[in-house]
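File shown here: upload-v2.csv, holding CSV, C-alpha atoms.
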```
chain,number,residue,atom,x,y,z
X,1,MET,CA,-49.7,125.7,114.4
X,2,SER,CA,-46.1,125.3,113.3
X,3,ASP,CA,-43.8,122.9,115.1
X,4,LYS,CA,-41.2,125.7,115.0
X,5,PRO,CA,-41.1,127.7,118.3
X,6,VAL,CA,-41.5,131.4,118.2
X,7,ASP,CA,-38.2,131.9,120.0
X,8,PHE,CA,-37.3,135.2,118.3
X,9,ARG,CA,-38.2,138.4,120.2
X,10,LEU,CA,-37.5,141.1,117.7
X,11,TYR,CA,-39.5,141.2,114.4
X,12,LEU,CA,-38.1,143.5,111.7
X,13,ILE,CA,-40.6,144.6,109.1
X,14,THR,CA,-39.1,145.9,105.9
X,15,ASP,CA,-39.7,149.1,103.9
X,16,ARG,CA,-37.1,149.8,101.4
X,17,ALA,CA,-38.0,153.5,101.4
X,18,ARG,CA,-37.0,153.7,105.0
X,19,THR,CA,-33.5,152.3,105.2
X,20,GLY,CA,-31.6,155.6,105.5
X,21,GLY,CA,-30.4,155.4,101.9
X,22,ARG,CA,-28.9,151.9,102.3
X,23,PRO,CA,-29.7,149.1,99.9
X,24,LEU,CA,-32.4,147.0,101.6
X,25,VAL,CA,-30.6,143.6,101.3
X,26,ALA,CA,-27.4,145.0,102.8
X,27,ALA,CA,-29.4,146.6,105.6
X,28,LEU,CA,-31.1,143.3,106.4
X,29,ARG,CA,-27.8,141.5,106.4
X,30,THR,CA,-26.4,144.0,108.9
X,31,ALA,CA,-29.5,143.6,111.1
X,32,ALA,CA,-29.4,139.9,111.0
X,33,GLU,CA,-25.7,139.7,111.9
X,34,ALA,CA,-26.3,141.9,114.9
X,35,GLY,CA,-28.8,139.4,116.2
X,36,VAL,CA,-26.6,136.3,115.7
X,37,GLY,CA,-25.7,134.6,119.0
X,38,ARG,CA,-28.4,136.5,121.0
X,39,GLY,CA,-31.1,133.9,120.9
X,40,LYS,CA,-31.6,130.1,120.6
X,41,VAL,CA,-31.6,130.3,116.8
X,42,ALA,CA,-31.6,133.9,115.8
X,43,ALA,CA,-33.0,136.7,117.9
X,44,VAL,CA,-34.3,138.6,114.9
X,45,ALA,CA,-36.9,137.5,112.4
X,46,ILE,CA,-37.7,139.5,109.3
X,47,GLN,CA,-40.9,140.1,107.4
X,48,LEU,CA,-40.5,141.2,103.8
X,49,ARG,CA,-43.3,143.7,103.3
X,50,GLU,CA,-42.7,145.3,99.9
X,51,LYS,CA,-46.3,145.2,98.8
X,52,ASP,CA,-45.9,147.4,95.8
X,53,LEU,CA,-43.6,145.0,94.0
X,54,SER,CA,-45.0,142.5,91.5
X,55,PRO,CA,-45.1,138.8,92.5
X,56,ARG,CA,-42.0,138.1,90.3
X,57,GLU,CA,-40.1,141.0,92.0
X,58,GLN,CA,-41.1,139.8,95.4
X,59,TYR,CA,-39.9,136.3,94.7
X,60,GLY,CA,-36.6,137.7,93.4
X,61,LEU,CA,-36.2,139.8,96.5
X,62,ALA,CA,-37.0,136.9,98.7
X,63,MET,CA,-34.3,134.8,97.0
X,64,GLU,CA,-31.8,137.6,97.2
X,65,VAL,CA,-32.4,138.2,100.9
X,66,LYS,CA,-32.4,134.4,101.7
X,67,ALA,CA,-28.9,134.1,100.0
X,68,ALA,CA,-27.6,137.2,101.8
X,69,LEU,CA,-28.7,136.0,105.2
X,70,ALA,CA,-27.5,132.4,104.7
X,71,GLY,CA,-25.6,131.3,107.8
X,72,THR,CA,-27.4,133.7,110.2
X,73,ASP,CA,-30.3,131.3,110.8
X,74,THR,CA,-32.6,134.3,110.6
X,75,ARG,CA,-36.2,133.4,109.9
X,76,ILE,CA,-37.6,135.2,106.8
X,77,LEU,CA,-41.3,135.6,106.3
X,78,ILE,CA,-43.1,137.4,103.5
X,79,ASN,CA,-46.2,139.5,103.7
X,80,ASP,CA,-49.4,137.9,102.5
X,81,ARG,CA,-47.9,135.7,99.7
X,82,ALA,CA,-48.0,132.1,100.9
X,83,ASP,CA,-47.2,131.0,97.4
X,84,ILE,CA,-44.0,133.0,97.3
X,85,ALA,CA,-43.1,131.8,100.8
X,86,CYS,CA,-43.4,128.2,99.5
X,87,ALA,CA,-41.7,128.8,96.2
X,88,ALA,CA,-38.7,130.6,97.8
X,89,GLY,CA,-38.4,128.2,100.7
X,90,LEU,CA,-38.9,130.9,103.3
X,91,ALA,CA,-39.7,130.2,107.0
X,92,GLY,CA,-43.3,131.3,106.6
X,93,VAL,CA,-45.8,134.0,105.7
X,94,HIS,CA,-47.3,137.0,107.6
X,95,LEU,CA,-51.0,137.6,106.9
X,96,PRO,CA,-52.9,140.9,107.0
X,97,ALA,CA,-55.9,141.0,109.3
X,98,THR,CA,-58.2,140.9,106.3
X,99,GLY,CA,-56.3,138.2,104.4
X,100,LEU,CA,-56.5,134.4,104.4
X,101,SER,CA,-57.1,132.7,107.7
X,102,PRO,CA,-53.9,131.0,109.0
X,103,ALA,CA,-55.6,127.6,108.5
X,104,ALA,CA,-56.2,128.4,104.8
X,105,ALA,CA,-52.7,129.6,104.2
X,106,ARG,CA,-51.2,126.4,105.7
X,107,ARG,CA,-52.9,124.4,103.0
X,108,CYS,CA,-50.3,125.7,100.5
X,109,LEU,CA,-47.3,125.9,102.9
X,110,PRO,CA,-44.9,123.1,103.9
X,111,ALA,CA,-45.2,121.5,107.3
X,112,GLY,CA,-43.6,123.6,110.0
X,113,ALA,CA,-44.0,126.9,108.2
X,114,LEU,CA,-44.6,129.9,110.5
X,115,VAL,CA,-47.7,131.9,110.1
X,116,GLY,CA,-47.9,135.4,111.6
X,117,VAL,CA,-51.1,137.5,111.5
X,118,SER,CA,-51.6,141.2,111.9
X,119,ALA,CA,-54.4,142.4,114.3
X,120,HIS,CA,-55.7,145.8,115.2
X,121,THR,CA,-58.6,144.8,117.5
X,122,PRO,CA,-59.1,142.2,120.2
X,123,THR,CA,-61.6,140.4,117.8
X,124,GLU,CA,-58.9,140.1,115.1
X,125,ALA,CA,-56.4,138.8,117.6
X,126,ARG,CA,-58.9,136.1,118.8
X,127,PHE,CA,-59.7,135.2,115.2
X,128,ALA,CA,-55.9,134.8,114.5
X,129,GLU,CA,-55.5,132.5,117.4
X,130,GLU,CA,-58.7,130.5,116.7
X,131,PHE,CA,-57.5,129.7,113.2
X,132,GLY,CA,-54.0,128.7,114.2
X,133,ALA,CA,-51.6,131.7,114.0
X,134,ASP,CA,-48.2,131.1,115.4
X,135,PHE,CA,-47.8,134.7,116.5
X,136,ILE,CA,-49.7,138.0,116.3
X,137,THR,CA,-48.5,141.5,115.7
X,138,TYR,CA,-50.8,143.9,117.5
X,139,SER,CA,-50.8,147.6,116.4
X,140,PRO,CA,-50.6,150.5,116.7
X,141,ILE,CA,-49.6,150.5,120.4
X,142,PHE,CA,-48.1,154.0,120.2
X,143,PHE,CA,-48.5,156.7,117.5
X,144,THR,CA,-46.6,156.2,114.4
X,145,PRO,CA,-47.2,157.7,110.9
X,146,SER,CA,-47.0,154.3,109.2
X,147,LYS,CA,-50.0,153.1,111.2
X,148,ALA,CA,-52.0,156.3,111.3
X,149,ALA,CA,-54.6,154.7,108.9
X,150,TYR,CA,-55.6,152.3,111.7
X,151,GLY,CA,-56.8,155.1,113.9
X,152,GLU,CA,-55.8,156.1,117.4
X,153,PRO,CA,-53.1,154.1,119.1
X,154,ARG,CA,-54.4,151.1,121.0
X,155,GLY,CA,-52.2,151.9,124.0
X,156,LEU,CA,-50.6,149.6,126.6
X,157,GLU,CA,-53.8,148.8,128.5
X,158,GLU,CA,-55.4,147.3,125.4
X,159,LEU,CA,-52.2,145.4,124.7
X,160,ARG,CA,-52.4,144.0,128.2
X,161,LYS,CA,-56.0,142.9,127.7
X,162,VAL,CA,-55.2,141.2,124.4
X,163,CYS,CA,-52.1,139.4,125.8
X,164,ALA,CA,-54.2,138.2,128.7
X,165,THR,CA,-57.0,137.0,126.3
X,166,VAL,CA,-54.9,135.0,123.8
X,167,LYS,CA,-52.2,132.4,124.5
X,168,THR,CA,-50.5,133.0,121.1
X,169,PRO,CA,-47.3,135.1,121.3
X,170,VAL,CA,-48.1,138.8,120.7
X,171,PHE,CA,-45.6,141.3,119.3
X,172,ALA,CA,-46.2,144.9,120.0
X,173,LEU,CA,-46.0,147.1,116.9
X,174,GLY,CA,-46.3,150.8,116.2
X,175,GLY,CA,-44.1,153.5,117.6
X,176,VAL,CA,-42.1,151.0,119.7
X,177,THR,CA,-38.6,152.1,120.7
X,178,PRO,CA,-36.0,150.4,123.0
X,179,ALA,CA,-37.1,152.7,125.8
X,180,ARG,CA,-40.7,151.5,125.4
X,181,VAL,CA,-39.9,147.8,125.3
X,182,PRO,CA,-40.1,147.2,129.1
X,183,ALA,CA,-43.6,148.6,129.2
X,184,CYS,CA,-44.7,146.3,126.3
X,185,LEU,CA,-43.2,143.3,128.0
X,186,ASP,CA,-44.9,144.3,131.3
X,187,ALA,CA,-48.2,144.3,129.4
X,188,GLY,CA,-47.6,140.7,128.4
X,189,ALA,CA,-46.0,141.0,124.9
X,190,HIS,CA,-43.7,138.2,123.8
X,191,GLY,CA,-41.6,140.6,121.8
X,192,VAL,CA,-41.8,143.8,119.7
X,193,ALA,CA,-41.8,144.6,116.0
X,194,ALA,CA,-40.5,147.7,114.2
X,195,ILE,CA,-39.7,149.2,110.8
X,196,GLY,CA,-38.0,152.6,110.9
X,197,ALA,CA,-36.7,152.2,114.4
X,198,LEU,CA,-34.5,149.4,113.1
X,199,LEU,CA,-33.8,150.5,109.6
X,200,ASP,CA,-34.0,154.3,109.3
X,201,VAL,CA,-31.3,154.9,112.0
X,202,PRO,CA,-27.7,156.0,111.9
X,203,SER,CA,-26.4,152.6,113.0
X,204,ILE,CA,-28.5,149.5,112.4
X,205,PRO,CA,-26.3,147.2,114.6
X,206,ASP,CA,-26.6,149.7,117.5
X,207,ALA,CA,-30.4,149.8,117.1
X,208,VAL,CA,-30.7,146.0,117.0
X,209,THR,CA,-28.5,145.8,120.1
X,210,ALA,CA,-30.5,148.4,122.0
X,211,PHE,CA,-33.7,146.5,121.3
X,212,LEU,CA,-32.3,143.1,122.2
X,213,ASP,CA,-30.8,144.5,125.4
X,214,ALA,CA,-34.2,145.9,126.3
X,215,LEU,CA,-35.8,142.5,125.5
X,216,ASN,CA,-33.3,140.8,127.8
X,217,VAL,CA,-32.1,138.6,124.9
```
Could I get this file's structure written as structure tokens?
Amino acid sequence: MSDKPVDFRLYLITDRARTGGRPLVAALRTAAEAGVGRGKVAAVAIQLREKDLSPREQYGLAMEVKAALAGTDTRILINDRADIACAAGLAGVHLPATGLSPAAARRCLPAGALVGVSAHTPTEARFAEEFGADFITYSPIFFTPSKAAYGEPRGLEELRKVCATVKTPVFALGGVTPARVPACLDAGAHGVAAIGALLDVPSIPDAVTAFLDALNV
């Protein structure tokens, strides 16, 4: 595991098609600034998840976001591409459930890099922990169109069972809103993750603030 603590509680996952018409980089800067001062380092971490871009484009985006967020201490991870995380000097990588194991990804990452892993079943969550994930996103907890391909929502009871089974911090993902945060925390989640609920909203700062308030950050 990384020697960096998972001290953020809100995990913003990007989708540049769901920013309410805003440029993605500007939207992320706004979100990051709203989280400054709310946590030990930065209350918000960001996963760049623009899978349709070429590796070169993903690297360019990573460098642009890194420059735009300089001074906010926001941890930036990238989906699946440990090579780009290393080349761009990001905080780490987020691996899909069917991707490399965390242990394999660390072989091409610098010491201390964060490794997050997606899980959709208890078995996948246990695998992520066994192979050294720093944190796990578990989804979908509630119904959301972006996670419909993963089947019926897992629900709070399964989230509770997973959180009780693994010691690795778990982030609840899928249909999570500020109003649903307390129930996720009560089930044992370390934090929550969201896409549209943080980006495709009238006011990104208000959305970030509402989530952080609900997370007691």
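The list of residues with at least one atom within 7 Å of Leu12 (chain X), based on only C-alpha atoms and without residues fewer than 4 positions apart in the same chain, reads Val44, Ala45, Ile46, Gln47, Ala193, Ala194 and Ile195 of chain X.
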Next on the checklist: as a list in words, please: the residues near region 130-138 of chain X (cut-off 6 Å, only C-alpha atoms, same-chain neighbours under 6 positions excluded).
Outcome noted: Met1, Pro102, Ala103, Val115, Gly116, Val117, Ser118, Ala119, His120, Thr168, Pro169, Val170, Phe171, Ala172 and Leu173 of chain X
Next on the checklist: Need to verify the contact set: Arg9 (chain X), 7 Å, all atoms listed in the file, exclusion of same-chain residues closer than 3 positions in sequence. Can you return it as a PyMOL selection string?
Outcome noted: chain X and resi 43-44+190-192
Checklist entry - What is the distance between CA of Val93 (chain X) and CA of Leu48 (chain X), in Å to one decimal? => result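 Answer for the CA of Val93 (chain X) to CA of Leu48 (chain X) separation: 9.1 Å.
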Checklist entry - Which neighbours of Pro178 (chain X) fall inside 9 Å, counting all atoms listed in the file, when residues of the same chain fewer than 5 positions from it are skipped, and could you give them as a ChimeraX atom specification? => result /X:197,207,210-215
Checklist entry - For Ala125 (chain X), which residue among X:Leu95, X:Val162, X:Ala105, X:Leu198 is the nearest when counting all atoms listed in the file? => result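 Closest candidate: X:Val162.
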Quick one: region 91-120 of chain X from the block, N, CA and C atoms, as a PDB file, in the first residue's frame.
```pdb
ATOM      1  N   ALA X  91      -0.843  11.718  -8.535  1.00  0.00           N
ATOM      2  CA  ALA X  91      -0.831  11.090  -7.209  1.00  0.00           C
ATOM      3  C   ALA X  91      -1.017   9.589  -7.291  1.00  0.00           C
ATOM      4  N   GLY X  92      -1.608   9.110  -8.401  1.00  0.00           N
ATOM      5  CA  GLY X  92      -1.807   7.678  -8.507  1.00  0.00           C
ATOM      6  C   GLY X  92      -2.704   7.287  -9.661  1.00  0.00           C
ATOM      7  N   VAL X  93      -3.209   6.054  -9.579  1.00  0.00           N
ATOM      8  CA  VAL X  93      -4.022   5.476 -10.646  1.00  0.00           C
ATOM      9  C   VAL X  93      -5.247   4.816 -10.026  1.00  0.00           C
ATOM     10  N   HIS X  94      -6.340   4.801 -10.797  1.00  0.00           N
ATOM     11  CA  HIS X  94      -7.539   4.077 -10.366  1.00  0.00           C
ATOM     12  C   HIS X  94      -7.780   2.947 -11.359  1.00  0.00           C
ATOM     13  N   LEU X  95      -7.808   1.731 -10.849  1.00  0.00           N
ATOM     14  CA  LEU X  95      -7.885   0.550 -11.697  1.00  0.00           C
ATOM     15  C   LEU X  95      -9.305   0.015 -11.799  1.00  0.00           C
ATOM     16  N   PRO X  96      -9.734  -0.386 -12.997  1.00  0.00           N
ATOM     17  CA  PRO X  96     -11.046  -1.041 -13.122  1.00  0.00           C
ATOM     18  C   PRO X  96     -10.997  -2.416 -12.477  1.00  0.00           C
ATOM     19  N   ALA X  97     -12.167  -2.968 -12.192  1.00  0.00           N
ATOM     20  CA  ALA X  97     -12.241  -4.258 -11.512  1.00  0.00           C
ATOM     21  C   ALA X  97     -11.556  -5.363 -12.304  1.00  0.00           C
ATOM     22  N   THR X  98     -11.566  -5.244 -13.632  1.00  0.00           N
ATOM     23  CA  THR X  98     -10.971  -6.281 -14.479  1.00  0.00           C
ATOM     24  C   THR X  98      -9.583  -5.881 -14.981  1.00  0.00           C
ATOM     25  N   GLY X  99      -9.009  -4.834 -14.403  1.00  0.00           N
ATOM     26  CA  GLY X  99      -7.703  -4.361 -14.853  1.00  0.00           C
ATOM     27  C   GLY X  99      -6.562  -5.047 -14.128  1.00  0.00           C
ATOM     28  N   LEU X 100      -5.399  -4.429 -14.182  1.00  0.00           N
ATOM     29  CA  LEU X 100      -4.248  -4.936 -13.464  1.00  0.00           C
ATOM     30  C   LEU X 100      -4.552  -5.035 -11.977  1.00  0.00           C
ATOM     31  N   SER X 101      -3.873  -5.931 -11.303  1.00  0.00           N
ATOM     32  CA  SER X 101      -3.982  -5.954  -9.852  1.00  0.00           C
ATOM     33  C   SER X 101      -3.222  -4.745  -9.305  1.00  0.00           C
ATOM     34  N   PRO X 102      -3.587  -4.272  -8.126  1.00  0.00           N
ATOM     35  CA  PRO X 102      -2.835  -3.159  -7.538  1.00  0.00           C
ATOM     36  C   PRO X 102      -1.343  -3.463  -7.417  1.00  0.00           C
ATOM     37  N   ALA X 103      -1.019  -4.702  -7.066  1.00  0.00           N
ATOM     38  CA  ALA X 103       0.395  -5.075  -6.919  1.00  0.00           C
ATOM     39  C   ALA X 103       1.142  -4.937  -8.239  1.00  0.00           C
ATOM     40  N   ALA X 104       0.506  -5.332  -9.347  1.00  0.00           N
ATOM     41  CA  ALA X 104       1.149  -5.218 -10.649  1.00  0.00           C
ATOM     42  C   ALA X 104       1.307  -3.761 -11.054  1.00  0.00           C
ATOM     43  N   ALA X 105       0.281  -2.957 -10.795  1.00  0.00           N
ATOM     44  CA  ALA X 105       0.354  -1.543 -11.164  1.00  0.00           C
ATOM     45  C   ALA X 105       1.483  -0.832 -10.424  1.00  0.00           C
ATOM     46  N   ARG X 106       1.718  -1.206  -9.170  1.00  0.00           N
ATOM     47  CA  ARG X 106       2.752  -0.533  -8.379  1.00  0.00           C
ATOM     48  C   ARG X 106       4.157  -0.743  -8.947  1.00  0.00           C
ATOM     49  N   ARG X 107       4.318  -1.780  -9.744  1.00  0.00           N
ATOM     50  CA  ARG X 107       5.636  -2.041 -10.302  1.00  0.00           C
ATOM     51  C   ARG X 107       6.104  -0.952 -11.257  1.00  0.00           C
ATOM     52  N   CYS X 108       5.153  -0.171 -11.789  1.00  0.00           N
ATOM     53  CA  CYS X 108       5.557   0.914 -12.686  1.00  0.00           C
ATOM     54  C   CYS X 108       5.155   2.281 -12.135  1.00  0.00           C
ATOM     55  N   LEU X 109       4.878   2.328 -10.832  1.00  0.00           N
ATOM     56  CA  LEU X 109       4.532   3.588 -10.177  1.00  0.00           C
ATOM     57  C   LEU X 109       5.606   3.946  -9.163  1.00  0.00           C
ATOM     58  N   PRO X 110       5.803   5.218  -8.897  1.00  0.00           N
ATOM     59  CA  PRO X 110       6.782   5.607  -7.877  1.00  0.00           C
ATOM     60  C   PRO X 110       6.298   5.236  -6.482  1.00  0.00           C
ATOM     61  N   ALA X 111       7.217   5.142  -5.566  1.00  0.00           N
ATOM     62  CA  ALA X 111       6.862   4.826  -4.185  1.00  0.00           C
ATOM     63  C   ALA X 111       5.896   5.876  -3.653  1.00  0.00           C
ATOM     64  N   GLY X 112       4.893   5.427  -2.936  1.00  0.00           N
ATOM     65  CA  GLY X 112       3.925   6.346  -2.351  1.00  0.00           C
ATOM     66  C   GLY X 112       2.738   6.669  -3.212  1.00  0.00           C
ATOM     67  N   ALA X 113       2.711   6.180  -4.457  1.00  0.00           N
ATOM     68  CA  ALA X 113       1.572   6.456  -5.330  1.00  0.00           C
ATOM     69  C   ALA X 113       0.321   5.777  -4.788  1.00  0.00           C
ATOM     70  N   LEU X 114      -0.814   6.445  -4.933  1.00  0.00           N
ATOM     71  CA  LEU X 114      -2.088   5.880  -4.510  1.00  0.00           C
ATOM     72  C   LEU X 114      -2.646   4.956  -5.591  1.00  0.00           C
ATOM     73  N   VAL X 115      -3.252   3.878  -5.164  1.00  0.00           N
ATOM     74  CA  VAL X 115      -3.904   2.959  -6.099  1.00  0.00           C
ATOM     75  C   VAL X 115      -5.329   2.706  -5.605  1.00  0.00           C
ATOM     76  N   GLY X 116      -6.298   3.193  -6.367  1.00  0.00           N
ATOM     77  CA  GLY X 116      -7.696   2.911  -6.097  1.00  0.00           C
ATOM     78  C   GLY X 116      -8.172   1.810  -7.025  1.00  0.00           C
ATOM     79  N   VAL X 117      -9.192   1.080  -6.623  1.00  0.00           N
ATOM     80  CA  VAL X 117      -9.710  -0.019  -7.429  1.00  0.00           C
ATOM     81  C   VAL X 117     -11.239   0.002  -7.386  1.00  0.00           C
ATOM     82  N   SER X 118     -11.865  -0.193  -8.535  1.00  0.00           N
ATOM     83  CA  SER X 118     -13.316  -0.300  -8.610  1.00  0.00           C
ATOM     84  C   SER X 118     -13.750  -1.721  -8.264  1.00  0.00           C
ATOM     85  N   ALA X 119     -14.859  -1.839  -7.546  1.00  0.00           N
ATOM     86  CA  ALA X 119     -15.419  -3.153  -7.241  1.00  0.00           C
ATOM     87  C   ALA X 119     -16.935  -3.073  -7.335  1.00  0.00           C
ATOM     88  N   HIS X 120     -17.516  -4.178  -7.814  1.00  0.00           N
ATOM     89  CA  HIS X 120     -18.969  -4.249  -7.971  1.00  0.00           C
ATOM     90  C   HIS X 120     -19.549  -5.470  -7.273  1.00  0.00           C
TER      91      HIS X 120
END
```
